[in-house]
$ cat query12.cif   # mmCIF, C-alpha atoms
data_my_file
#
loop_
_atom_site.label_atom_id
_atom_site.label_comp_id
_atom_site.auth_asym_id
_atom_site.auth_seq_id
_atom_site.Cartn_x
_atom_site.Cartn_y
_atom_site.Cartn_z
CA MET A 296 63.17 -91.55 -22.34
CA LYS A 297 63.51 -91.92 -18.56
CA ARG A 298 60.01 -90.48 -18.05
CA LEU A 299 58.55 -92.97 -20.53
CA CYS A 300 60.30 -95.88 -18.81
CA ILE A 301 59.08 -94.78 -15.39
CA ILE A 302 55.50 -94.60 -16.66
CA LEU A 303 55.85 -98.06 -18.22
CA ILE A 304 57.11 -99.54 -14.96
CA ILE A 305 54.50 -97.91 -12.73
CA PHE A 306 51.53 -98.99 -14.79
CA SER A 307 52.97 -102.44 -15.47
CA LEU A 308 53.27 -103.07 -11.74
CA ILE A 309 49.82 -101.70 -10.96
CA PHE A 310 48.15 -104.05 -13.41
CA MET A 311 50.39 -107.08 -13.12
CA ALA A 312 47.67 -109.18 -11.44
CA CYS A 313 45.23 -108.90 -14.35
CA PRO A 314 43.42 -112.17 -15.15
CA VAL A 315 44.77 -114.29 -17.98
CA SER A 316 43.02 -114.06 -21.34
CA THR A 317 41.02 -117.14 -22.33
CA ASP A 318 41.65 -117.20 -26.07
CA GLU A 319 44.86 -119.29 -25.90
CA ASN A 320 43.01 -122.61 -25.83
CA ASN A 321 45.12 -123.98 -28.67
CA ILE A 322 48.21 -124.21 -26.46
CA LYS A 323 49.21 -127.78 -25.75
CA ASP A 324 49.14 -129.04 -22.19
CA TYR A 325 52.58 -129.73 -20.74
CA GLU A 326 52.70 -132.93 -18.70
CA LYS A 327 55.08 -132.48 -15.79
CA ASN A 328 57.51 -135.24 -14.93
CA ILE A 329 57.56 -134.74 -11.16
CA ALA A 330 60.66 -135.94 -9.31
CA TRP A 331 59.53 -134.87 -5.83
CA GLU A 332 57.28 -132.41 -3.97
CA LEU A 333 57.63 -130.76 -0.56
CA LYS A 334 54.90 -128.83 1.23
CA THR A 335 56.29 -125.57 2.66
CA GLU A 336 55.03 -122.47 4.43
CA THR A 337 56.63 -120.17 1.88
CA TYR A 338 54.18 -117.75 0.28
CA TYR A 339 55.23 -115.06 -2.22
CA SER A 340 58.66 -114.71 -0.65
CA PHE A 341 60.60 -111.55 -1.49
CA SER A 342 63.75 -113.01 0.06
CA ARG A 343 66.00 -114.71 -2.45
CA HIS A 344 67.00 -118.23 -1.47
CA LEU A 345 70.56 -119.52 -1.27
CA GLN A 346 71.62 -122.64 -3.18
CA LYS A 347 74.83 -124.31 -2.04
CA ASP A 348 75.66 -127.57 -3.79
CA LYS A 349 72.72 -129.92 -3.31
CA TYR A 350 71.15 -127.85 -0.54
CA MET A 351 68.70 -124.99 -0.73
CA TYR A 352 68.19 -122.50 2.11
CA PHE A 353 65.14 -120.26 2.15
CA VAL A 354 62.88 -118.21 4.42
CA GLU A 355 59.42 -119.44 5.41
CA VAL A 356 56.76 -117.26 7.04
CA SER A 357 54.96 -119.15 9.81
CA GLU A 358 52.51 -116.37 10.69
CA LYS A 359 52.29 -112.61 10.44
CA ASN A 360 55.63 -111.02 11.38
CA LYS A 361 57.27 -114.38 12.14
CA PHE A 362 59.69 -116.37 10.00
CA PHE A 363 62.18 -119.22 10.09
CA VAL A 364 64.93 -120.52 7.79
CA SER A 365 64.82 -123.99 6.20
CA LYS A 366 67.42 -126.25 4.64
CA VAL A 367 66.24 -128.73 1.98
CA ASN A 368 68.11 -131.52 0.24
CA LEU A 369 67.46 -131.01 -3.48
CA GLU A 370 68.27 -134.63 -4.32
CA ASN A 371 65.19 -135.98 -2.52
CA GLY A 372 63.12 -132.94 -1.53
CA LYS A 373 63.43 -133.60 2.21
CA TYR A 374 63.93 -131.10 5.01
CA VAL A 375 67.35 -131.24 6.64
CA TRP A 376 66.43 -128.74 9.35
CA LYS A 377 64.23 -125.78 10.22
CA SER A 378 65.56 -122.99 12.38
CA GLU A 379 63.70 -121.50 15.31
CA GLU A 380 61.11 -118.79 14.67
CA PHE A 381 62.09 -115.13 14.65
CA SER A 382 59.86 -112.07 14.95
CA GLY A 383 60.13 -109.69 12.00
CA TYR A 384 60.45 -110.19 8.27
CA VAL A 385 63.07 -110.73 5.58
CA GLU A 386 63.30 -109.09 2.15
CA ARG A 387 66.94 -109.51 1.24
CA ARG A 388 68.83 -112.55 0.02
CA LEU A 389 70.51 -115.10 2.24
CA ALA A 390 74.29 -115.40 2.28
CA TYR A 391 76.96 -117.84 3.50
CA ILE A 392 80.16 -117.25 5.44
CA GLU A 393 82.72 -119.37 7.29
CA LYS A 394 84.44 -118.56 10.56
CA ASP A 395 86.75 -120.70 12.67
CA GLY A 396 86.04 -123.75 10.53
CA ASN A 397 82.24 -123.48 10.79
CA GLY A 398 79.75 -122.43 8.12
CA TYR A 399 76.89 -120.04 8.78
CA ILE A 400 73.79 -118.99 6.88
CA LEU A 401 73.26 -115.24 7.13
CA VAL A 402 69.74 -113.82 7.23
CA GLU A 403 68.90 -110.20 7.91
CA ASN A 404 65.81 -109.20 9.88
CA LYS A 405 64.55 -106.01 8.27
CA GLU A 406 62.45 -105.07 11.30
CA ASN A 407 65.41 -104.59 13.67
CA VAL A 408 68.25 -104.63 11.10
CA ASN A 409 69.97 -107.48 12.93
CA LEU A 410 71.94 -110.13 11.08
CA TYR A 411 71.47 -113.73 12.28
CA PHE A 412 74.23 -116.33 12.01
CA ILE A 413 72.59 -119.76 11.69
CA ASP A 414 74.70 -122.91 11.90
CA GLU A 415 74.84 -124.51 8.46
CA GLU A 416 74.87 -128.06 9.81
CA GLY A 417 72.23 -127.99 12.52
CA GLY A 418 70.16 -124.85 11.90
CA THR A 419 70.74 -123.38 15.37
CA LEU A 420 71.17 -119.66 16.01
CA ARG A 421 74.81 -119.01 16.87
CA ALA A 422 75.13 -115.21 16.90
CA ILE A 423 73.27 -111.95 16.29
CA LEU A 424 75.12 -109.02 14.76
CA THR A 425 73.93 -105.45 14.98
CA TYR A 426 75.50 -102.92 12.64
CA CYS A 427 74.89 -99.83 14.73
CA ILE A 428 74.69 -98.61 18.29
CA ASN A 429 72.27 -95.75 17.74
CA GLU A 430 69.21 -95.00 15.58
CA GLU A 431 71.01 -92.25 13.66
CA ASP A 432 73.57 -94.72 12.33
CA ASN A 433 70.96 -97.48 11.96
CA LYS A 434 69.24 -95.80 9.01
CA TYR A 435 72.44 -95.93 6.96
CA PHE A 436 72.33 -99.72 6.97
CA LYS A 437 68.60 -100.31 6.67
CA ALA A 438 67.23 -102.38 3.77
CA ASN A 439 70.55 -102.69 1.98
CA GLU A 440 72.26 -105.82 0.66
CA ILE A 441 75.01 -107.87 2.26
CA VAL A 442 77.68 -109.62 0.23
CA VAL A 443 80.44 -112.04 1.24
CA SER A 444 83.77 -111.92 -0.56
CA ASN A 445 87.00 -113.67 0.45
CA ASN A 446 85.08 -114.81 3.52
CA ARG A 447 84.66 -111.19 4.61
CA LEU A 448 81.33 -109.47 5.20
CA PHE A 449 80.36 -106.34 3.27
CA LYS A 450 77.16 -104.31 3.14
CA PHE A 451 75.81 -101.46 1.06
CA ILE A 452 75.01 -98.37 3.10
CA THR A 453 72.97 -95.27 2.31
CA LYS A 454 73.40 -91.85 3.85
CA LYS A 455 70.89 -89.19 2.89
CA GLU A 456 72.22 -85.68 2.55
CA GLU A 457 70.53 -83.02 0.47
CA PRO A 458 70.42 -82.74 -2.44
CA PHE A 459 71.69 -86.28 -3.09
CA SER A 460 71.52 -89.72 -1.50
CA HIS A 461 75.03 -91.05 -0.95
CA GLY A 462 75.75 -94.77 -1.21
CA GLY A 463 78.78 -96.82 -0.33
CA LEU A 464 80.23 -100.22 0.41
CA ALA A 465 81.19 -100.95 4.01
CA GLU A 466 83.09 -103.88 5.51
CA ILE A 467 81.68 -105.30 8.75
CA ASN A 468 84.43 -106.61 11.01
CA ILE A 469 83.26 -109.93 12.55
CA GLU A 470 86.67 -110.93 13.90
CA ASN A 471 85.54 -110.55 17.52
CA LEU A 472 82.02 -111.93 17.09
CA ASP A 473 81.41 -114.31 20.01
CA PHE A 474 79.45 -117.43 19.04
CA SER A 475 79.04 -118.52 22.68
CA ILE A 476 76.37 -115.86 23.34
CA PRO A 477 73.82 -116.42 20.55
CA ARG A 478 70.99 -114.43 22.18
CA ASN A 479 72.76 -111.14 22.74
CA PRO A 480 73.06 -108.76 19.77
CA GLN A 481 76.71 -107.83 19.32
CA TYR A 482 77.90 -104.61 17.76
CA CYS A 483 80.58 -105.03 15.10
CA GLU A 484 82.50 -102.06 13.81
CA SER A 485 82.32 -101.14 10.14
CA LYS A 486 84.37 -99.05 7.79
CA ILE A 487 83.46 -97.60 4.42
CA VAL A 488 85.77 -99.06 1.77
CA TRP A 489 84.15 -97.29 -1.17
CA GLY A 490 81.75 -94.36 -1.35
CA GLY A 491 79.99 -92.42 -4.08
CA SER A 492 77.42 -89.70 -4.64
CA GLN A 493 74.57 -92.04 -5.56
CA THR A 494 72.59 -94.85 -3.96
CA ILE A 495 73.08 -98.52 -4.86
CA ASP A 496 69.92 -100.46 -5.73
CA THR A 497 71.19 -103.35 -7.86
CA ASN A 498 72.24 -106.48 -5.98
CA PRO A 499 76.02 -106.95 -6.01
CA PHE A 500 77.69 -109.66 -8.06
CA GLU A 501 80.76 -111.33 -6.58
CA LYS A 502 83.33 -113.53 -8.24
CA ASP A 503 86.92 -114.42 -7.33
CA GLY A 504 87.17 -111.75 -4.66
CA ILE A 505 85.80 -108.95 -6.84
CA ILE A 506 82.53 -107.20 -5.94
CA TYR A 507 80.76 -105.64 -8.93
CA LEU A 508 78.25 -102.91 -8.21
CA ILE A 509 76.27 -100.26 -10.06
CA THR A 510 75.13 -96.94 -8.63
CA CYS A 511 71.61 -95.68 -9.29
CA ASP A 512 70.80 -92.28 -10.79
CA TRP A 513 67.07 -92.24 -10.16
CA ASN A 514 67.24 -90.20 -6.96
CA SER A 515 70.17 -87.94 -7.74
CA GLN A 516 69.29 -87.29 -11.42
CA GLN A 517 72.93 -86.53 -12.21
CA GLY A 518 72.72 -88.03 -15.68
CA TYR A 519 75.14 -90.90 -15.18
CA THR A 520 75.81 -94.05 -13.17
CA GLU A 521 79.01 -95.73 -12.11
CA VAL A 522 80.01 -99.36 -12.59
CA ILE A 523 82.58 -100.36 -9.96
CA ALA A 524 84.78 -103.42 -9.57
CA TYR A 525 86.02 -103.48 -5.97
CA ASP A 526 88.88 -105.92 -5.36
CA THR A 527 88.76 -107.44 -1.86
CA ASN A 528 92.09 -109.16 -2.55
CA THR A 529 93.86 -105.79 -2.60
CA ASP A 530 91.21 -103.65 -0.84
CA SER A 531 91.10 -101.23 -3.74
CA VAL A 532 88.99 -100.32 -6.75
CA LYS A 533 90.16 -102.45 -9.65
CA TRP A 534 88.35 -100.33 -12.22
CA GLU A 535 85.40 -98.02 -12.55
CA TYR A 536 83.36 -96.82 -15.47
CA THR A 537 81.02 -93.86 -15.78
CA SER A 538 77.97 -94.72 -17.88
CA ASN A 539 75.48 -92.34 -19.47
CA VAL A 540 73.39 -95.34 -20.53
CA LEU A 541 72.73 -97.55 -17.50
CA ASP A 542 70.16 -96.60 -14.86
CA GLY A 543 71.38 -98.90 -12.08
CA ASN A 544 67.82 -99.78 -11.12
CA GLY A 545 67.86 -103.56 -11.22
CA ARG A 546 68.01 -106.42 -8.74
CA PHE A 547 69.81 -109.56 -9.95
CA ASN A 548 70.76 -108.13 -13.35
CA MET A 549 74.46 -109.01 -13.60
CA TYR A 550 76.15 -112.15 -14.91
CA ILE A 551 79.73 -113.09 -15.79
CA VAL A 552 80.65 -115.34 -18.72
CA ASP A 553 84.37 -116.02 -19.13
CA ASN A 554 85.95 -112.56 -18.78
CA LEU A 555 82.85 -110.52 -19.61
CA LEU A 556 80.42 -108.86 -17.20
CA TYR A 557 76.93 -108.54 -18.66
CA ILE A 558 74.38 -106.12 -17.25
CA ILE A 559 70.81 -106.53 -18.47
CA GLU A 560 68.47 -104.07 -16.80
CA GLU A 561 66.22 -101.70 -18.77
CA GLN A 562 69.39 -100.88 -20.66
CA ILE A 563 72.16 -103.34 -21.63
CA ALA A 564 75.94 -103.20 -21.21
CA CYS A 565 78.96 -105.50 -21.30
CA PHE A 566 82.43 -105.00 -19.77
CA ASN A 567 85.79 -106.74 -19.76
CA ILE A 568 86.21 -107.75 -16.10
CA GLU A 569 90.00 -107.39 -16.20
CA SER A 570 90.34 -103.94 -17.74
CA GLY A 571 86.87 -102.45 -17.28
CA GLU A 572 86.70 -101.73 -21.01
CA CYS A 573 83.12 -101.21 -22.15
CA ILE A 574 82.43 -103.72 -24.93
CA TYR A 575 78.83 -102.73 -25.55
CA GLU A 576 76.24 -100.24 -24.31
CA TYR A 577 72.69 -99.93 -25.56
CA LYS A 578 70.09 -97.38 -24.54
CA GLU A 579 66.67 -97.55 -26.15
CA THR A 580 65.18 -94.32 -27.41
CA GLU A 581 61.49 -93.49 -27.63
CA GLU A 582 61.74 -94.18 -31.37
CA ASP A 583 63.28 -97.60 -30.66
CA LEU A 584 60.43 -98.47 -28.28
CA ALA A 585 57.89 -97.45 -30.91
CA THR A 586 59.45 -99.44 -33.76
CA LYS A 587 61.33 -102.42 -32.28
CA ILE A 588 60.86 -105.05 -29.59
CA SER A 589 62.57 -103.83 -26.44
CA LYS A 590 65.60 -105.81 -25.32
CA GLY A 591 65.42 -104.36 -21.82
CA GLY A 592 65.04 -106.57 -18.77
CA SER A 593 63.16 -106.27 -15.50
CA ILE A 594 64.15 -103.81 -12.79
CA TRP A 595 63.16 -106.40 -10.17
CA SER A 596 64.69 -109.36 -11.97
CA GLN A 597 65.21 -112.54 -9.98
CA GLY A 598 68.12 -113.36 -12.23
CA LEU A 599 69.48 -114.05 -15.71
CA TRP A 600 70.07 -117.50 -17.17
CA TYR A 601 72.93 -118.19 -19.59
CA ASP A 602 73.04 -121.23 -21.88
CA ASP A 603 74.82 -121.98 -25.16
CA GLY A 604 75.76 -118.38 -25.96
CA LYS A 605 72.37 -116.90 -25.07
CA PHE A 606 70.78 -115.05 -22.17
CA TYR A 607 67.24 -115.77 -21.03
CA TYR A 608 65.35 -113.25 -18.90
CA THR A 609 62.01 -111.53 -18.32
CA SER A 610 60.90 -107.89 -18.35
CA ASN A 611 58.48 -105.34 -16.89
CA ALA A 612 56.23 -105.29 -19.96
CA SER A 613 52.60 -106.18 -19.24
CA TRP A 614 49.15 -106.27 -20.84
CA ALA A 615 48.83 -102.58 -19.88
CA THR A 616 52.08 -101.44 -21.51
CA SER A 617 50.67 -100.61 -24.93
CA SER A 618 47.69 -98.59 -23.72
CA MET A 619 49.74 -96.66 -21.18
CA THR A 620 52.81 -95.89 -23.32
CA ASN A 621 51.55 -96.04 -26.93
CA ILE A 622 54.02 -98.83 -27.69
CA PRO A 623 52.39 -101.01 -30.38
CA GLU A 624 50.90 -104.20 -28.95
CA GLU A 625 52.82 -106.39 -31.40
CA LEU A 626 56.10 -105.07 -29.93
CA VAL A 627 55.28 -105.87 -26.30
CA ARG A 628 57.34 -108.82 -25.00
CA ASN A 629 58.30 -109.98 -21.51
CA VAL A 630 60.01 -113.35 -22.12
CA LEU A 631 63.28 -112.75 -23.97
CA CYS A 632 66.29 -114.59 -25.39
CA LEU A 633 69.36 -112.50 -26.30
CA ASP A 634 72.46 -113.51 -28.25
CA ALA A 635 75.44 -112.85 -25.97
CA LYS A 636 77.78 -112.01 -28.88
CA THR A 637 75.63 -109.94 -31.22
CA PHE A 638 73.32 -108.53 -28.51
CA GLU A 639 70.39 -109.14 -30.82
CA LEU A 640 67.15 -110.82 -29.79
CA VAL A 641 66.97 -114.49 -30.79
CA TRP A 642 63.31 -114.86 -29.84
CA SER A 643 60.73 -113.33 -27.55
CA ASP A 644 57.21 -113.96 -26.36
CA PHE A 645 54.33 -112.31 -24.54
CA PRO A 646 51.76 -114.57 -22.86
CA GLU A 647 48.42 -112.98 -23.62
CA GLY A 648 47.03 -111.00 -20.69
CA CYS A 649 50.28 -111.36 -18.77
CA GLY A 650 51.49 -108.88 -16.18
CA SER A 651 55.05 -107.77 -15.51
CA LEU A 652 57.53 -110.60 -14.96
CA PHE A 653 60.55 -110.68 -12.67
CA THR A 654 61.11 -114.44 -12.54
CA ARG A 655 64.25 -116.12 -13.92
CA PRO A 656 63.86 -118.51 -16.87
CA VAL A 657 65.78 -121.78 -16.53
CA VAL A 658 67.10 -123.84 -19.48
CA ILE A 659 67.54 -127.61 -19.13
CA ASP A 660 68.07 -130.06 -22.01
CA GLY A 661 66.92 -127.63 -24.68
CA LYS A 662 63.80 -126.57 -22.81
CA CYS A 663 63.27 -123.10 -21.35
CA PHE A 664 61.04 -123.11 -18.25
CA VAL A 665 59.29 -119.85 -17.35
CA LEU A 666 56.78 -119.29 -14.57
CA VAL A 667 54.22 -116.72 -15.73
CA ASN A 668 50.80 -115.59 -14.55
CA ASP A 669 48.96 -118.36 -16.39
CA GLY A 670 51.14 -121.26 -15.27
CA LEU A 671 54.44 -122.86 -16.25
CA ARG A 672 55.38 -122.28 -19.88
CA VAL A 673 57.95 -124.47 -21.60
CA TYR A 674 59.71 -123.24 -24.75
CA ASN A 675 62.18 -124.69 -27.19
CA SER A 676 65.24 -122.80 -25.91
CA LYS A 677 66.76 -122.35 -29.38
CA THR A 678 63.70 -121.32 -31.40
CA GLY A 679 61.30 -119.98 -28.80
CA GLU A 680 58.56 -122.33 -29.98
CA LEU A 681 56.07 -122.88 -27.17
CA ILE A 682 56.16 -126.60 -26.38
CA GLY A 683 53.33 -126.42 -23.89
CA ARG A 684 51.88 -124.96 -20.72
CA ALA A 685 51.15 -126.51 -17.33
CA SER A 686 48.25 -124.23 -16.45
CA GLU A 687 47.68 -125.96 -13.10
CA VAL A 688 50.94 -124.49 -11.79
CA ASN A 689 50.41 -121.33 -9.78
CA GLY A 690 53.57 -119.29 -9.98
CA SER A 691 54.02 -115.57 -9.55
CA ALA A 692 55.60 -112.67 -11.37
CA HIS A 693 58.61 -112.78 -9.05
CA ALA A 694 58.69 -116.57 -8.60
CA LEU A 695 61.92 -118.00 -7.19
CA ASN A 696 63.41 -121.14 -8.70
CA ALA A 697 66.49 -123.35 -8.82
CA GLU A 698 68.16 -126.02 -10.92
CA TYR A 699 69.88 -129.12 -9.62
CA ASN A 700 71.00 -132.29 -11.37
CA GLY A 701 68.84 -131.65 -14.43
CA MET A 702 65.73 -130.77 -12.43
CA PHE A 703 63.76 -127.52 -12.58
CA ILE A 704 62.76 -126.61 -9.02
CA TYR A 705 60.06 -124.05 -8.24
CA PHE A 706 57.43 -123.02 -5.69
CA ASP A 707 53.85 -123.92 -6.67
CA ILE A 708 51.72 -121.45 -4.71
CA ASP A 709 48.50 -122.30 -2.85
CA ASP A 710 46.64 -119.01 -2.48
CA SER A 711 43.88 -120.51 -0.33
CA GLN A 712 46.32 -121.78 2.30
CA LYS A 713 48.93 -119.05 1.76
CA THR A 714 51.60 -121.71 1.40
CA SER A 715 53.42 -123.38 -1.49
CA THR A 716 54.78 -126.73 -2.60
CA LEU A 717 58.45 -126.86 -3.55
CA THR A 718 58.35 -128.96 -6.72
CA ALA A 719 61.10 -130.59 -8.78
CA ILE A 720 60.40 -131.73 -12.33
CA ARG A 721 62.55 -133.34 -15.00
CA PRO A 722 62.41 -132.14 -18.63
#
$ encode --input "query12.cif" --output "structure tokens"
Amino acid sequence: MKRLCIILIIFSLIFMACPVSTDENNIKDYEKNIAWELKTETYYSFSRHLQKDKYMYFVEVSEKNKFFVSKVNLENGKYVWKSEEFSGYVERRLAYIEKDGNGYILVENKENVNLYFIDEEGGTLRAILTYCINEEDNKYFKANEIVVSNNRLFKFITKKEEPFSHGGLAEINIENLDFSIPRNPQYCESKIVWGGSQTIDTNPFEKDGIIYLITCDWNSQQGYTEVIAYDTNTDSVKWEYTSNVLDGNGRFNMYIVDNLLYIIEEQIACFNIESGECIYEYKETEEDLATKISKGGSIWSQGLWYDDGKFYYTSNASWATSSMTNIPEELVRNVLCLDAKTFELVWSDFPEGCGSLFTRPVVIDGKCFVLVNDGLRVYNSKTGELIGRASEVNGSAHALNAEYNGMFIYFDIDDSQKTSTLTAIRP
């Protein structure tokens, strides 16, 4: 099963840029009700934005190996500020933390593994944190996620030791970080608060002082993964669960509804967040993939959307899936709606000629907005009926988006200029 899934993913990603088929001319045009537009320098960003109330913070690339952070007011689509330019690049999500009564946007430079503290109000650089004092330690922190819980800073670390890659959760102590010397990288001590025998690839999910994380079995091949709930209120593991179903190979694949933690990666699981009891686990077999529509999500998902008892998400399936895996074409789907109680598919779709999708669907006023390779598709969120398509919209497989005050907000990409227009539309 794992070998089949790996083949599916590899070939789906290789061919995701395939041109759209032209035999869908009967689809109705969707007329966008544009609220505002903002020209940006963002182009195929791999860094997930941060939305805080009516403000959106995101990374823009000004030229090769240079970037800056922007703050936009989502009510009117106007810039509030742009930070200075930094050399390097960003792949990980932005975060927010408060210290001494001030708020800071956190952005990690992957090139030098420094963490920048940018003033939330004015956009000025206030401090630079370095995790390590030597190159040997530096590799443990490279390319891993940060997460803020109870206004404390945590980061996933990786330490490679044969035959396994060991992963853990470390707390970075910023108590003595000096904001009066913004240009000098400052070393902050860290301590491992939880460690395991596997790496951690899925982005953490934090709620009410609990950090939820999943280990990944792809490198270690131990035959299981661990789901951990680390309580920063008590500095202890609240519960842990060993799963023989989950792979732990997602990005933003976790979501909490009431007291239930849902995980929708290639496999699906659900846990009681208080006790850690496993409510549901589902692993698709080769027979399932050959006879039923897969319920699995994307390993590089930009997020799940929950509305009225249903989850909306996309998957890795592409136009090449059937030919490369022998899965019947009529079973290939990459836009999915799942009932959160029964765990059965409510509806699904596959835009003809579409590549793998990682983007997050957004539901507003009964309409499900999905950016796919052939434009913006709008579905009836309850039935899955395709209302229409705005083919002039140039999204991407991993398109970032937001919702604010009943508006769907997305980046409309300009390939010729290598920029994009942040666009807000009303249903």
$ closest_residue --input "query12.cif" --among "A:Gln597, A:Thr335, A:Ser475, A:Thr586" --to "A:Arg388" --atoms "all atoms listed in the file"
A:Gln597
$ resolve_selection --input "query12.cif" --expression "the PyMOL selection byres ((chain A and resi 349-365) around 9)" --output "JSON, numbers by chain"
{"A": [335, 336, 337, 338, 340, 342, 343, 344, 345, 346, 347, 348, 366, 367, 368, 369, 370, 374, 375, 376, 377, 378, 379, 380, 381, 382, 383, 384, 385, 388, 389, 400, 402, 413, 418, 697, 699, 700, 714]}
$ closest_residue --input "query12.cif" --among "A:Asp603, A:Asp512, A:Cys663, A:Lys502" --to "A:Asn554" --atoms "all atoms listed in the file"
A:Lys502
$ residues_around --input "query12.cif" --residues "stretch 518-520 of chain A" --least-positions-apart "2" --cutoff "10 Å" --atoms "all atoms listed in the file" --output "list in words"
Ser492, Gln493, Thr494, Ile495, Ile509, Thr510, Cys511, Asp512, Trp513, Ser515, Gln516, Val522, Ile523, Tyr536, Thr537, Ser538, Asn539, Val540, Leu541, Asp542 and Gly543 of chain A
$ atom_distance --input "query12.cif" --atom1 "atom CA of A:Gln517" --atom2 "atom CA of A:Val532"
21.9 Å
$ closest_residue --input "query12.cif" --among "A:Ser570, A:Leu555, A:Ser643, A:Lys533" --to "A:Lys587" --atoms "only C-alpha atoms"
A:Ser643
$ residues_around --input "query12.cif" --residues "A:Ile467" --least-positions-apart "4" --cutoff "8 Å" --atoms "only C-alpha atoms" --output "ChimeraX atom specification"
/A:426,447-450,483-486
$ atom_distance --input "query12.cif" --atom1 "atom CA of A:Leu631" --atom2 "atom CA of A:Ser589"
9.3 Å
$ atom_distance --input "query12.cif" --atom1 "atom CA of A:Arg684" --atom2 "atom CA of A:Lys373"
27.1 Å
$ resolve_selection --input "query12.cif" --expression "the PyMOL selection byres ((chain A and resi 601) around 9)" --output "PyMOL selection string"
chain A and resi 550+552+599-600+602-607+635+657-658
$ build_atoms --input "query12.cif" --residues "stretch 659-673 of chain A" --atoms "N, CA and C atoms" --output "PDB file, in the coordinates of the input"
ATOM      1  N   ILE A 659      67.045-126.270 -19.403  1.00  0.00           N
ATOM      2  CA  ILE A 659      67.540-127.610 -19.130  1.00  0.00           C
ATOM      3  C   ILE A 659      67.231-128.485 -20.347  1.00  0.00           C
ATOM      4  N   ASP A 660      68.250-129.116 -20.891  1.00  0.00           N
ATOM      5  CA  ASP A 660      68.070-130.060 -22.010  1.00  0.00           C
ATOM      6  C   ASP A 660      67.252-129.475 -23.154  1.00  0.00           C
ATOM      7  N   GLY A 661      67.578-128.242 -23.534  1.00  0.00           N
ATOM      8  CA  GLY A 661      66.920-127.630 -24.680  1.00  0.00           C
ATOM      9  C   GLY A 661      65.537-127.079 -24.421  1.00  0.00           C
ATOM     10  N   LYS A 662      65.101-127.111 -23.162  1.00  0.00           N
ATOM     11  CA  LYS A 662      63.800-126.570 -22.810  1.00  0.00           C
ATOM     12  C   LYS A 662      63.967-125.373 -21.884  1.00  0.00           C
ATOM     13  N   CYS A 663      63.227-124.309 -22.161  1.00  0.00           N
ATOM     14  CA  CYS A 663      63.270-123.100 -21.350  1.00  0.00           C
ATOM     15  C   CYS A 663      62.004-123.039 -20.500  1.00  0.00           C
ATOM     16  N   PHE A 664      62.166-123.109 -19.183  1.00  0.00           N
ATOM     17  CA  PHE A 664      61.040-123.110 -18.250  1.00  0.00           C
ATOM     18  C   PHE A 664      60.840-121.699 -17.708  1.00  0.00           C
ATOM     19  N   VAL A 665      59.604-121.194 -17.831  1.00  0.00           N
ATOM     20  CA  VAL A 665      59.290-119.850 -17.350  1.00  0.00           C
ATOM     21  C   VAL A 665      57.973-119.872 -16.600  1.00  0.00           C
ATOM     22  N   LEU A 666      58.001-119.416 -15.358  1.00  0.00           N
ATOM     23  CA  LEU A 666      56.780-119.290 -14.570  1.00  0.00           C
ATOM     24  C   LEU A 666      56.152-117.930 -14.864  1.00  0.00           C
ATOM     25  N   VAL A 667      54.937-117.951 -15.409  1.00  0.00           N
ATOM     26  CA  VAL A 667      54.220-116.720 -15.730  1.00  0.00           C
ATOM     27  C   VAL A 667      52.870-116.740 -15.022  1.00  0.00           C
ATOM     28  N   ASN A 668      52.062-115.715 -15.273  1.00  0.00           N
ATOM     29  CA  ASN A 668      50.800-115.590 -14.550  1.00  0.00           C
ATOM     30  C   ASN A 668      49.806-116.696 -14.865  1.00  0.00           C
ATOM     31  N   ASP A 669      49.935-117.329 -16.018  1.00  0.00           N
ATOM     32  CA  ASP A 669      48.960-118.360 -16.390  1.00  0.00           C
ATOM     33  C   ASP A 669      49.508-119.773 -16.241  1.00  0.00           C
ATOM     34  N   GLY A 670      50.613-119.932 -15.512  1.00  0.00           N
ATOM     35  CA  GLY A 670      51.140-121.260 -15.270  1.00  0.00           C
ATOM     36  C   GLY A 670      52.615-121.373 -15.629  1.00  0.00           C
ATOM     37  N   LEU A 671      53.059-122.587 -15.850  1.00  0.00           N
ATOM     38  CA  LEU A 671      54.440-122.860 -16.250  1.00  0.00           C
ATOM     39  C   LEU A 671      54.490-123.046 -17.752  1.00  0.00           C
ATOM     40  N   ARG A 672      55.227-122.174 -18.428  1.00  0.00           N
ATOM     41  CA  ARG A 672      55.380-122.280 -19.880  1.00  0.00           C
ATOM     42  C   ARG A 672      56.726-122.905 -20.195  1.00  0.00           C
ATOM     43  N   VAL A 673      56.734-123.774 -21.199  1.00  0.00           N
ATOM     44  CA  VAL A 673      57.950-124.470 -21.600  1.00  0.00           C
ATOM     45  C   VAL A 673      58.195-124.198 -23.083  1.00  0.00           C
TER      46      VAL A 673
END
